[in-house]
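J.: Have a peek at start-v8.pdb (PDB, C-alpha atoms).
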ATOM      1  CA  MET A   1       5.906  -2.263 -11.566  1.00  0.00           C
ATOM      2  CA  LYS A   2       3.673   0.607 -12.715  1.00  0.00           C
ATOM      3  CA  THR A   3       5.363   3.856 -13.742  1.00  0.00           C
ATOM      4  CA  HIS A   4       3.743   7.212 -14.404  1.00  0.00           C
ATOM      5  CA  ARG A   5       5.573  10.288 -15.638  1.00  0.00           C
ATOM      6  CA  PHE A   6       4.584  13.777 -16.638  1.00  0.00           C
ATOM      7  CA  THR A   7       6.175  17.152 -17.272  1.00  0.00           C
ATOM      8  CA  ARG A   8       4.660  20.551 -16.555  1.00  0.00           C
ATOM      9  CA  TRP A   9       6.132  23.987 -17.107  1.00  0.00           C
ATOM     10  CA  LEU A  10       5.771  26.427 -14.207  1.00  0.00           C
ATOM     11  CA  PRO A  11       6.622  30.143 -14.139  1.00  0.00           C
ATOM     12  CA  HIS A  12       9.179  29.856 -11.319  1.00  0.00           C
ATOM     13  CA  SER A  13      12.907  29.222 -11.159  1.00  0.00           C
ATOM     14  CA  PRO A  14      14.007  25.600 -10.776  1.00  0.00           C
ATOM     15  CA  GLU A  15      15.685  26.531  -7.482  1.00  0.00           C
ATOM     16  CA  HIS A  16      12.466  27.972  -6.063  1.00  0.00           C
ATOM     17  CA  LEU A  17      10.476  24.898  -7.094  1.00  0.00           C
ATOM     18  CA  PHE A  18      13.148  22.610  -5.650  1.00  0.00           C
ATOM     19  CA  SER A  19      12.877  24.499  -2.355  1.00  0.00           C
ATOM     20  CA  VAL A  20       9.090  24.044  -2.231  1.00  0.00           C
ATOM     21  CA  ILE A  21       9.240  20.314  -3.022  1.00  0.00           C
ATOM     22  CA  SER A  22      12.208  19.509  -0.762  1.00  0.00           C
ATOM     23  CA  ASN A  23      10.586  21.159   2.309  1.00  0.00           C
ATOM     24  CA  VAL A  24       8.561  18.045   3.059  1.00  0.00           C
ATOM     25  CA  HIS A  25       7.797  19.148   6.630  1.00  0.00           C
ATOM     26  CA  GLU A  26       5.505  21.833   5.109  1.00  0.00           C
ATOM     27  CA  TYR A  27       3.335  19.401   3.079  1.00  0.00           C
ATOM     28  CA  GLY A  28       0.610  19.214   5.730  1.00  0.00           C
ATOM     29  CA  LYS A  29      -0.110  22.900   5.097  1.00  0.00           C
ATOM     30  CA  PHE A  30      -1.007  22.574   1.416  1.00  0.00           C
ATOM     31  CA  VAL A  31      -0.899  19.052  -0.081  1.00  0.00           C
ATOM     32  CA  PRO A  32      -4.401  17.609  -0.626  1.00  0.00           C
ATOM     33  CA  LEU A  33      -5.318  14.868   1.854  1.00  0.00           C
ATOM     34  CA  CYS A  34      -2.000  15.281   3.716  1.00  0.00           C
ATOM     35  CA  GLU A  35      -2.991  15.678   7.333  1.00  0.00           C
ATOM     36  CA  ARG A  36       0.546  15.949   8.678  1.00  0.00           C
ATOM     37  CA  ALA A  37       4.176  15.644   7.580  1.00  0.00           C
ATOM     38  CA  GLU A  38       7.096  14.734   9.810  1.00  0.00           C
ATOM     39  CA  VAL A  39      10.824  14.831   9.036  1.00  0.00           C
ATOM     40  CA  TRP A  40      13.710  13.385  11.081  1.00  0.00           C
ATOM     41  CA  ASP A  41      17.242  11.958  10.790  1.00  0.00           C
ATOM     42  CA  VAL A  42      18.351  14.862   8.593  1.00  0.00           C
ATOM     43  CA  VAL A  43      21.904  14.545   7.270  1.00  0.00           C
ATOM     44  CA  GLU A  44      23.442  17.170   5.012  1.00  0.00           C
ATOM     45  CA  GLU A  45      26.434  16.362   2.815  1.00  0.00           C
ATOM     46  CA  GLY A  46      27.244  19.439   0.745  1.00  0.00           C
ATOM     47  CA  PRO A  47      24.323  20.115  -1.610  1.00  0.00           C
ATOM     48  CA  VAL A  48      22.654  16.786  -0.727  1.00  0.00           C
ATOM     49  CA  LYS A  49      20.226  16.414   2.154  1.00  0.00           C
ATOM     50  CA  ARG A  50      18.970  12.977   3.209  1.00  0.00           C
ATOM     51  CA  PHE A  51      16.190  12.389   5.701  1.00  0.00           C
ATOM     52  CA  LYS A  52      13.265  10.238   6.733  1.00  0.00           C
ATOM     53  CA  ALA A  53       9.779  11.592   6.172  1.00  0.00           C
ATOM     54  CA  ARG A  54       6.341  10.392   7.186  1.00  0.00           C
ATOM     55  CA  LEU A  55       3.185  11.655   5.530  1.00  0.00           C
ATOM     56  CA  ILE A  56      -0.143  11.022   7.197  1.00  0.00           C
ATOM     57  CA  ILE A  57      -2.827  10.855   4.533  1.00  0.00           C
ATOM     58  CA  ALA A  58      -6.489  11.071   5.508  1.00  0.00           C
ATOM     59  CA  TYR A  59      -9.603  10.745   3.393  1.00  0.00           C
ATOM     60  CA  PRO A  60     -12.495  11.124   5.853  1.00  0.00           C
ATOM     61  CA  LYS A  61     -15.242  10.403   3.293  1.00  0.00           C
ATOM     62  CA  LEU A  62     -13.900   6.856   2.954  1.00  0.00           C
ATOM     63  CA  ARG A  63     -12.716   6.666   6.562  1.00  0.00           C
ATOM     64  CA  LEU A  64      -9.174   6.111   5.349  1.00  0.00           C
ATOM     65  CA  ARG A  65      -6.082   7.193   7.245  1.00  0.00           C
ATOM     66  CA  GLU A  66      -2.662   5.891   6.223  1.00  0.00           C
ATOM     67  CA  HIS A  67       0.908   6.874   6.821  1.00  0.00           C
ATOM     68  CA  PHE A  68       3.829   6.463   4.476  1.00  0.00           C
ATOM     69  CA  THR A  69       7.429   6.636   5.618  1.00  0.00           C
ATOM     70  CA  SER A  70      10.067   7.371   3.003  1.00  0.00           C
ATOM     71  CA  ASP A  71      13.784   7.790   2.670  1.00  0.00           C
ATOM     72  CA  VAL A  72      14.252  11.117   0.909  1.00  0.00           C
ATOM     73  CA  MET A  73      17.236  12.525  -0.942  1.00  0.00           C
ATOM     74  CA  ALA A  74      17.173  16.181  -1.991  1.00  0.00           C
ATOM     75  CA  ASP A  75      20.095  17.248  -4.202  1.00  0.00           C
ATOM     76  CA  ALA A  76      20.187  21.050  -4.550  1.00  0.00           C
ATOM     77  CA  GLU A  77      22.947  20.897  -7.161  1.00  0.00           C
ATOM     78  CA  ARG A  78      21.129  18.483  -9.493  1.00  0.00           C
ATOM     79  CA  LEU A  79      17.706  19.969  -8.569  1.00  0.00           C
ATOM     80  CA  LEU A  80      16.428  16.461  -7.872  1.00  0.00           C
ATOM     81  CA  VAL A  81      14.263  15.066  -5.076  1.00  0.00           C
ATOM     82  CA  VAL A  82      13.809  11.296  -4.743  1.00  0.00           C
ATOM     83  CA  ALA A  83      11.623   9.544  -2.157  1.00  0.00           C
ATOM     84  CA  LYS A  84      11.516   5.769  -1.668  1.00  0.00           C
ATOM     85  CA  SER A  85       9.155   3.745   0.473  1.00  0.00           C
ATOM     86  CA  SER A  86       8.437   0.069   1.046  1.00  0.00           C
ATOM     87  CA  GLU A  87       6.151  -0.308   4.025  1.00  0.00           C
ATOM     88  CA  GLY A  88       2.527  -0.945   4.854  1.00  0.00           C
ATOM     89  CA  ALA A  89       0.276  -0.739   1.804  1.00  0.00           C
ATOM     90  CA  VAL A  90       3.295   0.067  -0.375  1.00  0.00           C
ATOM     91  CA  ARG A  91       5.475  -2.815  -1.463  1.00  0.00           C
ATOM     92  CA  ASP A  92       7.795  -0.570  -3.475  1.00  0.00           C
ATOM     93  CA  LEU A  93       7.406   3.118  -4.307  1.00  0.00           C
ATOM     94  CA  GLU A  94       9.777   5.661  -5.789  1.00  0.00           C
ATOM     95  CA  ASN A  95       8.867   9.173  -6.781  1.00  0.00           C
ATOM     96  CA  ARG A  96      11.183  11.702  -8.417  1.00  0.00           C
ATOM     97  CA  TRP A  97      10.945  15.426  -8.912  1.00  0.00           C
ATOM     98  CA  LEU A  98      13.432  16.928 -11.349  1.00  0.00           C
ATOM     99  CA  PHE A  99      13.552  20.623 -12.245  1.00  0.00           C
ATOM    100  CA  ARG A 100      14.988  21.952 -15.512  1.00  0.00           C
ATOM    101  CA  PRO A 101      15.244  25.629 -16.473  1.00  0.00           C
ATOM    102  CA  ARG A 102      13.182  26.724 -19.439  1.00  0.00           C
ATOM    103  CA  LYS A 103      12.483  30.236 -20.677  1.00  0.00           C
ATOM    104  CA  GLY A 104      10.484  32.139 -18.086  1.00  0.00           C
ATOM    105  CA  GLY A 105      10.408  29.302 -15.577  1.00  0.00           C
ATOM    106  CA  ALA A 106      11.135  25.602 -15.290  1.00  0.00           C
ATOM    107  CA  ASP A 107       9.928  22.211 -16.387  1.00  0.00           C
ATOM    108  CA  VAL A 108       8.866  20.016 -13.482  1.00  0.00           C
ATOM    109  CA  ILE A 109       9.450  16.389 -14.396  1.00  0.00           C
ATOM    110  CA  PHE A 110       7.606  14.092 -12.015  1.00  0.00           C
ATOM    111  CA  SER A 111       7.682  10.313 -12.061  1.00  0.00           C
ATOM    112  CA  LEU A 112       6.149   7.742  -9.779  1.00  0.00           C
ATOM    113  CA  ARG A 113       6.913   4.050  -9.892  1.00  0.00           C
ATOM    114  CA  PHE A 114       4.982   1.818  -7.551  1.00  0.00           C
ATOM    115  CA  ARG A 115       3.885  -1.652  -6.580  1.00  0.00           C
ATOM    116  CA  MET A 116       1.265  -1.924  -3.888  1.00  0.00           C
ATOM    117  CA  ALA A 117       0.848  -4.737  -1.368  1.00  0.00           C
ATOM    118  CA  SER A 118      -2.523  -5.690  -2.866  1.00  0.00           C
ATOM    119  CA  ARG A 119      -3.648  -5.867  -6.490  1.00  0.00           C
ATOM    120  CA  PHE A 120      -6.858  -4.059  -5.607  1.00  0.00           C
ATOM    121  CA  LEU A 121      -5.003  -1.080  -4.151  1.00  0.00           C
ATOM    122  CA  GLU A 122      -2.601  -1.075  -7.100  1.00  0.00           C
ATOM    123  CA  THR A 123      -5.535  -0.984  -9.544  1.00  0.00           C
ATOM    124  CA  VAL A 124      -7.162   1.864  -7.613  1.00  0.00           C
ATOM    125  CA  MET A 125      -3.907   3.849  -7.491  1.00  0.00           C
ATOM    126  CA  ASP A 126      -3.238   3.264 -11.168  1.00  0.00           C
ATOM    127  CA  ALA A 127      -6.733   4.422 -12.140  1.00  0.00           C
ATOM    128  CA  ALA A 128      -6.640   7.498  -9.903  1.00  0.00           C
ATOM    129  CA  PHE A 129      -3.049   8.523 -10.600  1.00  0.00           C
ATOM    130  CA  ASP A 130      -3.594  11.135 -13.315  1.00  0.00           C
ATOM    131  CA  TYR A 131      -6.307  12.903 -11.327  1.00  0.00           C
ATOM    132  CA  ALA A 132      -4.363  12.756  -8.047  1.00  0.00           C
ATOM    133  CA  ALA A 133      -1.094  13.858  -9.674  1.00  0.00           C
ATOM    134  CA  LYS A 134      -2.810  16.878 -11.231  1.00  0.00           C
ATOM    135  CA  LYS A 135      -4.325  17.869  -7.878  1.00  0.00           C
ATOM    136  CA  ILE A 136      -0.987  17.504  -6.108  1.00  0.00           C
ATOM    137  CA  LEU A 137       0.940  19.432  -8.752  1.00  0.00           C
ATOM    138  CA  ASP A 138      -1.727  22.156  -8.700  1.00  0.00           C
ATOM    139  CA  ALA A 139      -1.216  22.430  -4.916  1.00  0.00           C
ATOM    140  CA  PHE A 140       2.568  22.705  -5.336  1.00  0.00           C
ATOM    141  CA  GLU A 141       2.083  25.332  -8.039  1.00  0.00           C
ATOM    142  CA  ARG A 142      -0.158  27.409  -5.749  1.00  0.00           C
ATOM    143  CA  ARG A 143       2.334  27.027  -2.889  1.00  0.00           C
ATOM    144  CA  ALA A 144       5.241  28.104  -5.135  1.00  0.00           C
ATOM    145  CA  ALA A 145       3.262  31.193  -6.171  1.00  0.00           C
ATOM    146  CA  GLU A 146       2.417  32.031  -2.523  1.00  0.00           C
ATOM    147  CA  LEU A 147       6.040  31.745  -1.422  1.00  0.00           C
ATOM    148  CA  ALA A 148       7.289  33.722  -4.433  1.00  0.00           C
ATOM    149  CA  ASP A 149       5.200  36.683  -3.240  1.00  0.00           C
ATOM    150  CA  ASP A 150       7.000  36.797   0.130  1.00  0.00           C
TER     151      ASP A 150
END
Show me the file's structure as structure tokens.

T.:
Amino acid sequence: MKTHRFTRWLPHSPEHLFSVISNVHEYGKFVPLCERAEVWDVVEEGPVKRFKARLIIAYPKLRLREHFTSDVMADAERLLVVAKSSEGAVRDLENRWLFRPRKGGADVIFSLRFRMASRFLETVMDAAFDYAAKKILDAFERRAAELADD
């Protein structure tokens, strides 16, 4: 299974960043190519929230429109968000967001481990990962800055 991991420092508290990432229902407003986000079956157990989430991803230039449903766990105490999916084009996918305080902000540690249903799609995802991850993290960074101003 392919695994990608990167760390980026952002000038926001880990708690603020955790809040932005764990509010999956807002992704359609700011995540590139995310047309819509849906959340249901929310269960809260102390600092841990578990739910199902569906992201509808659209890339009109290629006439692509896919949806991904994940089981999500957001742990406010550990500042960790984990999403797992294994449907459709995704045979096995797990992404993790971990937030660690560092002077003046926080390190965002993001990892994505995946195996796609087809080798072609896996090769495409592997090749495009660094570019796509940067775009997505840039969008989260902008969103965190917007919400920090409120």

J.: From the set A:Asp138, A:Asp107, A:Asp130, A:Glu77, which residue has the shortest atom-to-atom contact distance to Leu10 of chain A, counting all atoms listed in the file?

T.: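 Smallest separation from Leu10 of chain A among the options: A:Asp107.
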
J.: Could you name the residues that touch Ile21 of chain A at 12 Å or less, counting only C-alpha atoms, but leaving out those on the same chain fewer than 3 positions away, as a ChimeraX atom specification?

T.: /A:14-18,24-27,30-31,72-76,79-83,95-99,108,110,136-137,139-141,143-144,147

J.: Given the choices A:Ala58, A:Val48, A:Ala148, A:Leu112, which gets closest to Ala133 of chain A if the distance is worked out from all atoms listed in the file?

T.: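 Residue with the minimum atom-to-atom distance to Ala133 of chain A: A:Leu112.
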
J.: For atom CA of Gly104 of chain A and atom CA of Pro11 of chain A, quote the distance in Å rounded to one decimal.

T.: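 We find that atom CA of Gly104 of chain A and atom CA of Pro11 of chain A lie 5.9 Å from each other.
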
J.: Contacts of Ile57 of chain A at 12 Å or less, counting only C-alpha atoms, minus same-chain residues fewer than 3 places along, as a ChimeraX atom specification?

T.: /A:27-28,31-38,54,60,62-69

J.: Find the residue from A:Ser111, A:Asp92, A:Asp71, A:Lys29 that sits nearest to Thr7 of chain A; use only C-alpha atoms when measuring.

T.: A:Ser111

J.: Atom CA of Arg78 of chain A to atom CA of Pro47 of chain A: how many Å, to one decimal?

T.: 8.7 Å

J.: If I take atom CA of Trp40 of chain A and atom CA of Ser22 of chain A, how far is one from the other in Å, to one decimal?

T.: 13.4 Å

J.: Neighbouring residues of Ala106 of chain A were defined as those with any atom within 6 Å, considering all atoms listed in the file; residues of the same chain fewer than 3 positions away were excluded. Please report them as a list in words.

T.: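 Within the cut-off, the hits are Trp9, Leu10, Ser13, Pro14, Arg100, Pro101 and Arg102 of chain A.
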